[in-house]
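Asks: The following file, work_0.cif, comprises mmCIF, C-alpha atoms and all ligand atoms:
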```cif
data_entry
loop_
_atom_site.label_atom_id
_atom_site.label_comp_id
_atom_site.auth_asym_id
_atom_site.auth_seq_id
_atom_site.Cartn_x
_atom_site.Cartn_y
_atom_site.Cartn_z
CA MET K 1 0.00 0.00 0.00
CA THR K 2 1.40 3.42 -0.90
CA ALA K 3 1.36 6.38 1.47
CA ALA K 4 -1.32 8.01 -0.70
CA ASP K 5 -3.56 4.90 -0.49
CA ASP K 6 -3.06 4.79 3.25
CA LEU K 7 -4.02 8.45 3.70
CA THR K 8 -7.12 8.04 1.52
CA ARG K 9 -8.25 5.03 3.55
CA ILE K 10 -7.62 6.79 6.85
CA ALA K 11 -9.49 9.89 5.64
CA GLN K 12 -12.58 7.72 5.15
CA ASP K 13 -12.34 6.52 8.74
CA ALA K 14 -11.65 10.08 9.90
CA THR K 15 -14.91 11.20 8.30
CA GLY K 16 -16.68 8.76 10.62
CA TRP K 17 -14.79 10.11 13.62
CA ARG K 18 -15.63 13.66 12.61
CA ARG K 19 -19.33 12.89 12.45
CA ALA K 20 -19.23 11.04 15.77
CA LEU K 21 -17.59 14.10 17.35
CA HIS K 22 -20.11 16.37 15.64
CA GLU K 23 -23.00 14.48 17.27
CA GLN K 24 -21.63 14.97 20.77
CA PRO K 25 -20.36 18.54 21.06
CA GLU K 26 -18.93 19.66 24.39
CA LEU K 27 -17.98 23.13 25.64
CA LEU K 28 -14.86 24.88 26.89
CA TYR K 29 -12.90 22.71 29.35
CA ASP K 30 -15.74 20.27 29.92
CA LEU K 31 -14.84 17.78 27.19
CA PRO K 32 -14.87 14.34 28.89
CA LYS K 33 -16.25 12.41 25.90
CA THR K 34 -14.22 14.24 23.28
CA SER K 35 -10.90 13.91 25.10
CA ALA K 36 -11.57 10.23 25.92
CA PHE K 37 -12.32 9.65 22.21
CA VAL K 38 -9.08 11.34 21.18
CA ALA K 39 -6.94 9.54 23.77
CA GLY K 40 -8.53 6.20 22.85
CA LYS K 41 -7.74 6.67 19.16
CA LEU K 42 -4.15 7.74 19.87
CA ARG K 43 -3.60 4.62 22.00
CA ALA K 44 -5.15 2.43 19.30
CA PHE K 45 -2.76 3.94 16.74
CA GLY K 46 0.17 2.94 18.96
CA VAL K 47 1.60 6.39 19.55
CA ASP K 48 4.51 6.29 22.02
CA GLU K 49 2.95 8.32 24.79
CA VAL K 50 -0.52 9.66 25.53
CA ALA K 51 -0.78 12.35 28.21
CA THR K 52 -4.27 13.30 29.36
CA GLY K 53 -5.69 15.79 31.83
CA ILE K 54 -3.56 18.74 30.73
CA ALA K 55 -5.62 21.88 31.43
CA GLY K 56 -8.45 19.58 32.45
CA THR K 57 -9.24 17.77 29.23
CA GLY K 58 -6.26 18.56 26.99
CA VAL K 59 -4.51 15.57 25.41
CA VAL K 60 -1.00 15.25 24.00
CA GLY K 61 0.22 12.31 21.94
CA LEU K 62 3.90 11.78 21.14
CA ILE K 63 5.18 9.94 18.07
CA ARG K 64 8.93 9.39 17.81
CA GLY K 65 10.40 9.08 14.34
CA ALA K 66 12.23 5.96 13.19
CA LYS K 67 15.09 7.99 11.72
CA GLY K 68 16.62 8.99 15.02
CA ALA K 69 16.78 12.08 17.17
CA GLY K 70 15.64 15.49 16.00
CA PRO K 71 13.47 18.43 16.96
CA VAL K 72 10.04 18.20 18.59
CA ILE K 73 7.28 19.72 16.48
CA GLY K 74 3.86 20.55 17.97
CA LEU K 75 0.74 20.14 15.83
CA ARG K 76 -2.33 21.61 17.46
CA ALA K 77 -6.04 20.95 17.04
CA ASP K 78 -8.86 22.46 19.08
CA MET K 79 -11.67 20.22 20.34
CA ASP K 80 -14.44 22.44 21.77
CA ALA K 81 -17.84 23.41 20.37
CA LEU K 82 -20.06 26.48 20.82
CA PRO K 83 -23.08 27.19 23.04
CA MET K 84 -25.68 27.45 20.28
CA ASP K 85 -28.42 25.38 18.66
CA GLU K 86 -27.62 23.61 15.40
CA LYS K 87 -29.85 24.18 12.37
CA THR K 88 -28.37 21.90 9.72
CA ASN K 89 -30.82 18.95 9.64
CA LEU K 90 -27.85 16.66 9.12
CA PRO K 91 -28.32 12.99 10.04
CA TYR K 92 -25.38 13.41 12.42
CA ALA K 93 -26.44 16.81 13.79
CA SER K 94 -25.76 17.65 17.43
CA LYS K 95 -27.65 15.47 19.88
CA VAL K 96 -27.04 18.00 22.65
CA PRO K 97 -29.44 20.95 22.79
CA GLY K 98 -27.65 24.30 23.01
CA MET K 99 -24.30 22.93 21.84
CA MET K 100 -22.92 22.74 18.33
CA HIS K 101 -19.65 22.26 16.49
CA ALA K 102 -20.11 25.50 14.53
CA CYS K 103 -16.42 26.35 14.15
CA GLY K 104 -15.27 23.03 12.68
CA HIS K 105 -13.16 21.96 15.64
CA ASP K 106 -14.66 18.48 15.14
CA GLY K 107 -13.00 18.53 11.71
CA HIS K 108 -9.70 19.86 13.07
CA THR K 109 -9.61 17.08 15.66
CA ALA K 110 -10.48 14.34 13.15
CA THR K 111 -7.92 15.64 10.65
CA LEU K 112 -5.10 15.63 13.20
CA LEU K 113 -6.14 12.17 14.40
CA GLY K 114 -5.99 10.93 10.81
CA ALA K 115 -2.50 12.36 10.36
CA ALA K 116 -1.51 10.80 13.70
CA GLN K 117 -2.57 7.34 12.56
CA HIS K 118 -0.48 7.64 9.42
CA LEU K 119 2.53 9.11 11.22
CA ALA K 120 2.42 6.45 13.94
CA ALA K 121 2.38 3.73 11.27
CA THR K 122 5.16 5.19 9.10
CA ARG K 123 7.46 7.15 11.46
CA ASP K 124 9.48 8.23 8.47
CA PHE K 125 11.10 11.20 10.17
CA ALA K 126 13.86 12.19 12.59
CA GLY K 127 12.59 13.74 15.81
CA THR K 128 9.25 13.76 17.58
CA VAL K 129 5.74 14.86 16.68
CA ALA K 130 3.68 16.18 19.60
CA LEU K 131 -0.03 16.06 18.78
CA ILE K 132 -1.71 18.75 20.87
CA PHE K 133 -5.48 18.49 21.36
CA GLN K 134 -6.61 21.53 23.32
CA PRO K 135 -9.83 22.46 25.11
CA ALA K 136 -11.51 25.86 25.36
CA GLU K 137 -10.42 27.71 22.24
CA GLU K 138 -13.81 29.45 22.13
CA GLY K 139 -13.24 32.11 24.76
CA GLY K 140 -11.60 30.00 27.46
CA ALA K 141 -7.92 30.43 26.50
CA GLY K 142 -7.33 26.68 26.62
CA ALA K 143 -4.01 27.09 24.80
CA ARG K 144 -2.76 29.42 27.54
CA ALA K 145 -3.95 26.99 30.22
CA MET K 146 -2.01 24.15 28.61
CA ILE K 147 1.10 26.35 28.38
CA GLU K 148 0.71 27.33 32.06
CA GLU K 149 0.65 23.63 32.94
CA GLY K 150 4.02 23.24 31.27
CA LEU K 151 2.98 21.86 27.87
CA LEU K 152 5.93 23.24 25.93
CA GLU K 153 8.69 22.36 28.43
CA ARG K 154 7.28 18.98 29.43
CA PHE K 155 7.39 17.69 25.86
CA GLY K 156 10.29 19.86 24.68
CA ILE K 157 8.19 21.39 21.91
CA GLU K 158 10.32 23.66 19.71
CA SER K 159 7.87 24.82 17.05
CA VAL K 160 4.08 24.92 16.80
CA TYR K 161 1.61 24.69 13.94
CA ALA K 162 -2.16 24.95 13.63
CA MET K 163 -4.75 24.78 10.92
CA HIS K 164 -8.25 26.30 10.84
CA ASN K 165 -10.90 25.73 8.20
CA GLN K 166 -12.07 28.72 6.19
CA PRO K 167 -15.54 28.94 4.60
CA GLY K 168 -15.34 30.40 1.08
CA LEU K 169 -11.82 29.09 0.44
CA PRO K 170 -12.05 26.13 -1.99
CA VAL K 171 -11.63 22.65 -0.51
CA GLY K 172 -8.01 21.62 -0.97
CA ALA K 173 -6.77 25.22 -1.03
CA PHE K 174 -4.66 26.86 1.68
CA ALA K 175 -4.01 30.45 2.76
CA THR K 176 -1.69 32.09 5.22
CA ARG K 177 0.73 34.97 5.62
CA PRO K 178 3.89 35.72 7.58
CA GLY K 179 3.46 38.07 10.53
CA ALA K 180 0.08 38.99 11.96
CA LEU K 181 -2.73 36.74 10.73
CA LEU K 182 -5.43 37.52 13.28
CA ALA K 183 -5.96 40.45 15.62
CA GLY K 184 -5.52 40.78 19.33
CA GLY K 185 -8.87 41.56 20.92
CA ASP K 186 -9.12 43.32 24.27
CA ARG K 187 -12.10 44.84 26.05
CA PHE K 188 -12.37 47.53 28.67
CA VAL K 189 -14.87 49.27 30.92
CA VAL K 190 -14.28 52.75 32.37
CA THR K 191 -16.08 54.05 35.43
CA VAL K 192 -15.97 57.85 35.69
CA SER K 193 -16.74 58.98 39.22
CA GLY K 194 -17.84 62.50 40.16
CA ARG K 195 -20.39 63.81 42.65
CA GLY K 196 -24.08 63.91 41.89
CA GLY K 197 -26.44 66.74 42.62
CA HIS K 198 -29.22 68.97 41.33
CA ALA K 199 -28.90 69.67 37.61
CA SER K 200 -29.81 73.33 38.19
CA ALA K 201 -26.69 73.82 40.36
CA PRO K 202 -23.80 72.16 38.50
CA THR K 203 -21.13 74.03 40.47
CA LYS K 204 -22.21 72.07 43.56
CA SER K 205 -21.58 68.79 41.71
CA ILE K 206 -18.76 67.13 39.83
CA ASP K 207 -20.35 66.09 36.57
CA PRO K 208 -19.18 62.65 35.36
CA VAL K 209 -21.34 62.82 32.21
CA VAL K 210 -19.47 65.73 30.67
CA ALA K 211 -16.16 64.13 31.68
CA ALA K 212 -17.15 60.77 30.15
CA SER K 213 -18.21 62.50 26.93
CA HIS K 214 -14.80 64.15 26.60
CA LEU K 215 -13.03 60.90 27.42
CA ILE K 216 -14.99 58.99 24.78
CA ALA K 217 -14.05 61.60 22.21
CA ALA K 218 -10.42 61.47 23.38
CA CYS K 219 -10.40 57.66 22.91
CA GLN K 220 -10.84 58.25 19.18
CA THR K 221 -7.35 59.74 19.10
CA LEU K 222 -5.91 56.31 20.03
CA VAL K 223 -6.30 55.47 16.34
CA SER K 224 -6.14 58.89 14.68
CA ARG K 225 -3.17 60.36 16.60
CA PHE K 226 -1.37 57.52 18.39
CA SER K 227 -1.29 54.70 15.82
CA ASP K 228 0.83 54.26 12.73
CA PRO K 229 -1.58 54.49 9.77
CA PHE K 230 -0.01 51.33 8.31
CA ASP K 231 -0.61 49.40 11.53
CA GLN K 232 -4.31 48.56 11.74
CA VAL K 233 -6.08 49.37 15.00
CA VAL K 234 -9.79 49.42 15.79
CA VAL K 235 -11.20 51.23 18.82
CA SER K 236 -14.95 50.98 19.27
CA ILE K 237 -16.80 52.38 22.27
CA THR K 238 -19.83 50.14 22.39
CA TYR K 239 -21.32 50.84 25.79
CA LEU K 240 -22.41 53.97 27.64
CA ASP K 241 -24.50 54.28 30.76
CA ALA K 242 -25.19 57.22 33.10
CA GLY K 243 -28.06 58.71 35.02
CA SER K 244 -31.68 57.99 34.24
CA ALA K 245 -34.19 59.20 31.66
CA GLY K 246 -36.65 59.37 34.55
CA ALA K 247 -34.50 61.86 36.45
CA LEU K 248 -33.36 64.44 33.95
CA ASN K 249 -32.85 67.02 36.65
CA VAL K 250 -30.22 64.92 38.42
CA ILE K 251 -26.48 64.93 37.77
CA PRO K 252 -25.47 61.34 38.48
CA ASP K 253 -22.56 60.23 40.65
CA SER K 254 -20.93 58.23 37.93
CA ALA K 255 -20.89 57.40 34.24
CA VAL K 256 -19.69 54.14 32.71
CA PHE K 257 -18.52 53.38 29.20
CA GLY K 258 -16.65 50.56 27.53
CA GLY K 259 -15.63 48.99 24.28
CA THR K 260 -13.16 46.85 22.42
CA ILE K 261 -9.74 47.40 20.92
CA ARG K 262 -8.34 45.27 18.08
CA THR K 263 -4.66 45.42 17.19
CA MET K 264 -2.40 43.62 14.71
CA ASN K 265 0.86 44.01 16.60
CA ASN K 266 1.57 43.04 20.20
CA GLU K 267 3.78 46.12 20.73
CA THR K 268 0.96 48.33 19.51
CA ARG K 269 -1.42 46.45 21.76
CA LYS K 270 0.66 47.36 24.83
CA ALA K 271 1.22 50.93 23.63
CA ILE K 272 -2.51 51.51 23.05
CA GLU K 273 -3.34 50.28 26.53
CA ALA K 274 -0.74 52.66 27.99
CA HIS K 275 -2.09 55.59 25.93
CA LEU K 276 -5.62 54.76 27.05
CA ARG K 277 -4.54 54.86 30.71
CA ARG K 278 -2.90 58.26 30.22
CA ILE K 279 -5.88 59.73 28.38
CA LEU K 280 -8.24 58.54 31.10
CA LYS K 281 -6.11 59.77 33.98
CA SER K 282 -5.31 63.23 32.66
CA GLY K 283 -8.70 63.65 30.99
CA ALA K 284 -10.63 62.84 34.14
CA GLU K 285 -8.45 65.19 36.19
CA GLN K 286 -9.44 68.10 33.94
CA PHE K 287 -12.99 67.64 35.17
CA SER K 288 -12.06 66.83 38.78
CA CYS K 289 -13.34 63.31 38.24
CA GLU K 290 -11.68 59.94 38.61
CA ALA K 291 -11.65 57.35 35.85
CA GLU K 292 -11.12 53.74 36.79
CA LEU K 293 -10.12 51.38 34.01
CA ASP K 294 -11.18 47.74 34.08
CA TRP K 295 -8.91 46.30 31.36
CA ARG K 296 -10.08 42.88 30.19
CA PRO K 297 -7.34 41.32 28.08
CA GLY K 298 -8.44 38.96 25.32
CA TYR K 299 -6.42 36.78 22.98
CA PRO K 300 -3.12 38.24 21.73
CA VAL K 301 -2.31 38.92 18.09
CA THR K 302 -1.73 35.69 16.15
CA VAL K 303 1.74 36.21 14.71
CA ASN K 304 3.19 33.72 12.23
CA ASP K 305 6.97 33.31 12.26
CA PRO K 306 8.27 34.15 8.76
CA GLY K 307 10.62 31.14 8.51
CA LYS K 308 8.04 28.65 9.76
CA THR K 309 5.41 30.22 7.52
CA ALA K 310 7.69 29.63 4.53
CA LEU K 311 7.92 25.99 5.58
CA ALA K 312 4.14 25.76 5.97
CA VAL K 313 3.70 27.31 2.53
CA GLU K 314 6.10 24.77 1.02
CA ALA K 315 4.12 21.94 2.61
CA ALA K 316 0.80 23.37 1.43
CA GLN K 317 2.16 23.88 -2.09
CA ALA K 318 3.41 20.30 -2.19
CA VAL K 319 -0.09 19.14 -1.27
CA ALA K 320 -2.23 21.55 -3.30
CA GLY K 321 -0.01 23.06 -6.01
CA ALA K 322 1.25 26.64 -5.92
CA ALA K 323 -1.90 28.06 -7.53
CA GLN K 324 -4.03 26.79 -4.64
CA VAL K 325 -1.95 28.40 -1.89
CA GLU K 326 -2.40 32.05 -0.98
CA THR K 327 0.84 33.18 0.62
CA ALA K 328 -0.17 36.73 1.59
CA CYS K 329 -3.84 36.41 2.51
CA ASP K 330 -5.77 39.26 4.13
CA ARG K 331 -5.51 39.66 7.87
CA GLN K 332 -8.67 39.16 9.87
CA MET K 333 -9.90 41.16 12.87
CA GLY K 334 -11.07 38.01 14.70
CA SER K 335 -8.88 36.37 17.35
CA GLU K 336 -7.55 32.88 18.03
CA ASP K 337 -5.94 31.44 21.15
CA PHE K 338 -3.23 29.59 19.21
CA SER K 339 -1.68 33.07 19.49
CA TYR K 340 -0.51 32.11 23.02
CA MET K 341 1.51 29.22 21.59
CA LEU K 342 2.96 31.46 18.88
CA GLU K 343 4.07 33.91 21.60
CA GLN K 344 6.17 31.13 23.12
CA ARG K 345 7.46 29.23 20.09
CA PRO K 346 7.98 29.98 16.39
CA GLY K 347 5.34 28.48 14.18
CA ALA K 348 2.55 29.15 11.74
CA MET K 349 -1.18 28.89 11.40
CA VAL K 350 -2.79 28.26 8.03
CA TRP K 351 -6.35 28.38 6.74
CA PHE K 352 -7.59 25.36 4.80
CA GLY K 353 -10.58 25.53 2.51
CA ASN K 354 -14.04 24.51 3.70
CA GLY K 355 -15.58 25.32 0.29
CA GLU K 356 -18.85 27.19 -0.07
CA SER K 357 -20.43 26.86 3.35
CA ALA K 358 -22.19 28.89 5.98
CA GLU K 359 -19.83 31.12 7.96
CA LEU K 360 -18.12 29.98 11.14
CA HIS K 361 -20.35 30.27 14.23
CA ASN K 362 -23.47 30.18 12.03
CA PRO K 363 -26.18 27.63 13.03
CA ALA K 364 -26.16 26.28 9.44
CA TYR K 365 -22.38 25.79 9.34
CA ASN K 366 -20.86 22.35 8.83
CA PHE K 367 -17.25 21.25 8.47
CA ASN K 368 -16.64 19.86 4.99
CA ASP K 369 -15.45 16.24 5.23
CA ASP K 370 -13.70 16.58 1.87
CA ALA K 371 -11.24 18.90 3.61
CA ILE K 372 -9.99 16.08 5.86
CA LEU K 373 -7.76 14.42 3.26
CA PRO K 374 -5.94 17.58 2.11
CA GLY K 375 -5.67 18.63 5.76
CA MET K 376 -4.07 15.29 6.71
CA ARG K 377 -1.73 15.49 3.74
CA TYR K 378 -0.68 18.96 4.87
CA TRP K 379 0.16 17.73 8.38
CA VAL K 380 2.10 14.74 7.09
CA THR K 381 4.00 16.82 4.53
CA LEU K 382 4.77 19.50 7.10
CA VAL K 383 6.28 16.88 9.44
CA ALA K 384 8.36 15.58 6.54
CA ARG K 385 9.61 19.09 5.75
CA GLU K 386 10.41 20.08 9.31
CA LEU K 387 11.75 16.74 10.49
CA GLY K 388 13.85 16.02 7.46
CA ALA K 389 12.23 12.87 6.13
CA ALA K 390 12.23 11.77 2.55
CA ALA K 391 8.43 11.51 2.24
ZN ZN L 401 -14.75 29.76 16.57
ZN ZN L 402 -12.41 27.91 15.54
#
```
Starting from the coordinates I provided, produce the structure as C-alpha cells.

Replies:
Amino acid sequence: MTAADDLTRIAQDATGWRRALHEQPELLYDLPKTSAFVAGKLRAFGVDEVATGIAGTGVVGLIRGAKGAGPVIGLRADMDALPMDEKTNLPYASKVPGMMHACGHDGHTATLLGAAQHLAATRDFAGTVALIFQPAEEGGAGARAMIEEGLLERFGIESVYAMHNQPGLPVGAFATRPGALLAGGDRFVVTVSGRGGHASAPTKSIDPVVAASHLIAACQTLVSRFSDPFDQVVVSITYLDAGSAGALNVIPDSAVFGGTIRTMNNETRKAIEAHLRRILKSGAEQFSCEAELDWRPGYPVTVNDPGKTALAVEAAQAVAGAAQVETACDRQMGSEDFSYMLEQRPGAMVWFGNGESAELHNPAYNFNDDAILPGMRYWVTLVARELGAAA
C-alpha cells in the first residue's frame, strides 16, 4: 500500500470520527467524551505516549520518528464546540441541545487524528511529533492553560503549527501569511466617578457625564493620533450608561462606558493600553473626576513566524499546487488562542478551505469532510519538511 492509499483510507475513517464528534459537542474545558475519544484513538494507533488531563481535558500524543533524534514539532487541534443550537438537519447533527460544532473543531480534531494514525504507522522522520489536542479555544484560553501547565517544556516542543478551516476558500486550497494573521482583541470598561447633585446647580456637583463625553471623544485619538496608519487598529466604544431618563434634573454620581480594541501588533497592543490609561487619567483630572479602568485582556495577536510560515507554505504547495496556496492572505480582525503558543514558540497557522459553506459560528455551518484528506496530507507533509524525512 502506498502512502497516498493509506491516507485516503484513513481519511474515510476520519470522516466517521468527525461525524461522531459532531453528534456529541462539548464546551470549553468540559470535554470528557471528546478527550476520551481522542486519547482512545491515539492509544489504538500505537503512539509512544498519551498524556491526558492537561488543562483539564487537553490531550498530548507523542510519536517518535524511526530515523533517530531530532526536533520536537507541535501540531495543534482544538476540540471544543459552541453554546448554540444547530440548524443543519444533518443525520449526524448535534444530539445536545444548546451545543454545536459550529467552528469546525470536530474537523480539526479528526484531521489531526488521521494524520496521527499515518505518522504512527510510518514514522518516516527524525525527531518527535507532539499532537496537541486543546480544550476551550472558544473564549476559554485553553491554549494558555495548557502552556501554564508546562505543555511546551514537558514535551520539549520547539515549534508549533495549527490549521483552521475557512468557509469560502475552496476545498483543498490553503491560505496564510507571515506576521500577523489575526488580531488581538481586548475589552475595557471605564467608570468615571464624580459627585451627583441637582442639575440646576452644577457648580455644587462634579459632573461625570461631561467628563465621560470628553473621554470617549479622546479615545478616538488612540487610532487617529497615536497609531501608525499602516498598523491597523480598531477602537470601538460600544457601551455607555449614566443617570436615568426618569431623572433628567439629576447629575449622576458616575458614568460608565466601555468597548473593544483590536490590534495587529503586540507592541501596539501594549502601547494603546498605555495611551488609554494616560488619556483617562489626565482627561478625568481636567474635570475633577476619577476614571477607573477595568482592562479585560483577550487573545493576543496571532503572529506567524516568517521562517516557519515559509515551511508551511512549502508543505501546502506540495499538497495543493502553488496556484491553490495564498501566501499573503488578508488579515482578519477576529482572534484565536493559538496566538498564546505562537508567543512562546515559532510556528505558523494556516487556513484550509471549507468550500462554499455557511460562515463559522453560524447555526447552518458544517465542516466539509472533503477537507480532511488535504488537511491530513498537509500535516504529514509538514512533518516531513520540518523533520527532514524523505516523504
Ligand atoms: Zn470559533
Ligand atoms: Zn475555531

Asks: Enter the distance from atom CA of Gln117 of chain K to atom CA of Lys41 of chain K, in Å, rounded to one decimal.

Replies: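 Answer for the atom CA of Gln117 of chain K to atom CA of Lys41 of chain K separation: 8.4 Å.
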
Asks: Would you list the residues that come within 7 Å of ligand ZN 401 (chain L)? Count only C-alpha atoms and all ligand atoms and give the answer as a PDB file with C-alpha atoms, in the coordinates of the input.

Replies:
```pdb
ATOM      1  CA  CYS K 103     -16.420  26.350  14.150  1.00  0.00           C
ATOM      2  CA  GLU K 138     -13.810  29.450  22.130  1.00  0.00           C
ATOM      3  CA  LEU K 360     -18.120  29.980  11.140  1.00  0.00           C
ATOM      4  CA  HIS K 361     -20.350  30.270  14.230  1.00  0.00           C
TER       5      HIS K 361
END
```

Asks: Between K:Gly197, K:Pro167, K:Gly58, K:Gly184, which has the minimum distance to ligand ZN 402 (chain L) (counting only C-alpha atoms and all ligand atoms)?

Replies: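 Ranked by minimum distance to ligand ZN 402 (chain L), first place goes to K:Pro167.
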
Asks: Give the residue list for ligand ZN 402 (chain L) at 8 Å, counting all atoms listed in the file, as a PyMOL selection string, sorted by chain and then by residue number.

Replies: chain K and resi 78+103-105+137-138+164-165+336+360

Asks: Using all atoms listed in the file, give me every residue within 8 Å of (2.4, 7.1, 16.6) in file coordinates, as a count of residues only.

Replies: 16

Asks: Applying 12 Å and only C-alpha atoms, which residues near Gly321 of chain K remain after dropping the ones on its own chain fewer than 3 positions away? List them as a list of chain:residue names.

Replies: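 The neighbour list is K:Gly172, K:Ala173, K:Phe174, K:Val313, K:Glu314, K:Ala315, K:Ala316, K:Gln317, K:Ala318, K:Gln324, K:Val325, K:Glu326, K:Pro374, K:Tyr378.
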
Asks: With all atoms listed in the file as the atoms that count, which of K:Tyr299, K:Glu23, K:His108, K:Phe230 lies nearest to Gln166 of chain K?

Replies: K:His108

Asks: Which residue, K:Ala217, K:Ala323, K:Met341, K:Val303, has the smallest gap to Gly283 of chain K when you use all atoms listed in the file?

Replies: K:Ala217

Asks: To one decimal place, how far is atom CA of Val319 of chain K from atom CA of Ala175 of chain K in Å?

Replies: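 Calculated distance between atom CA of Val319 of chain K and atom CA of Ala175 of chain K is 12.6 Å.
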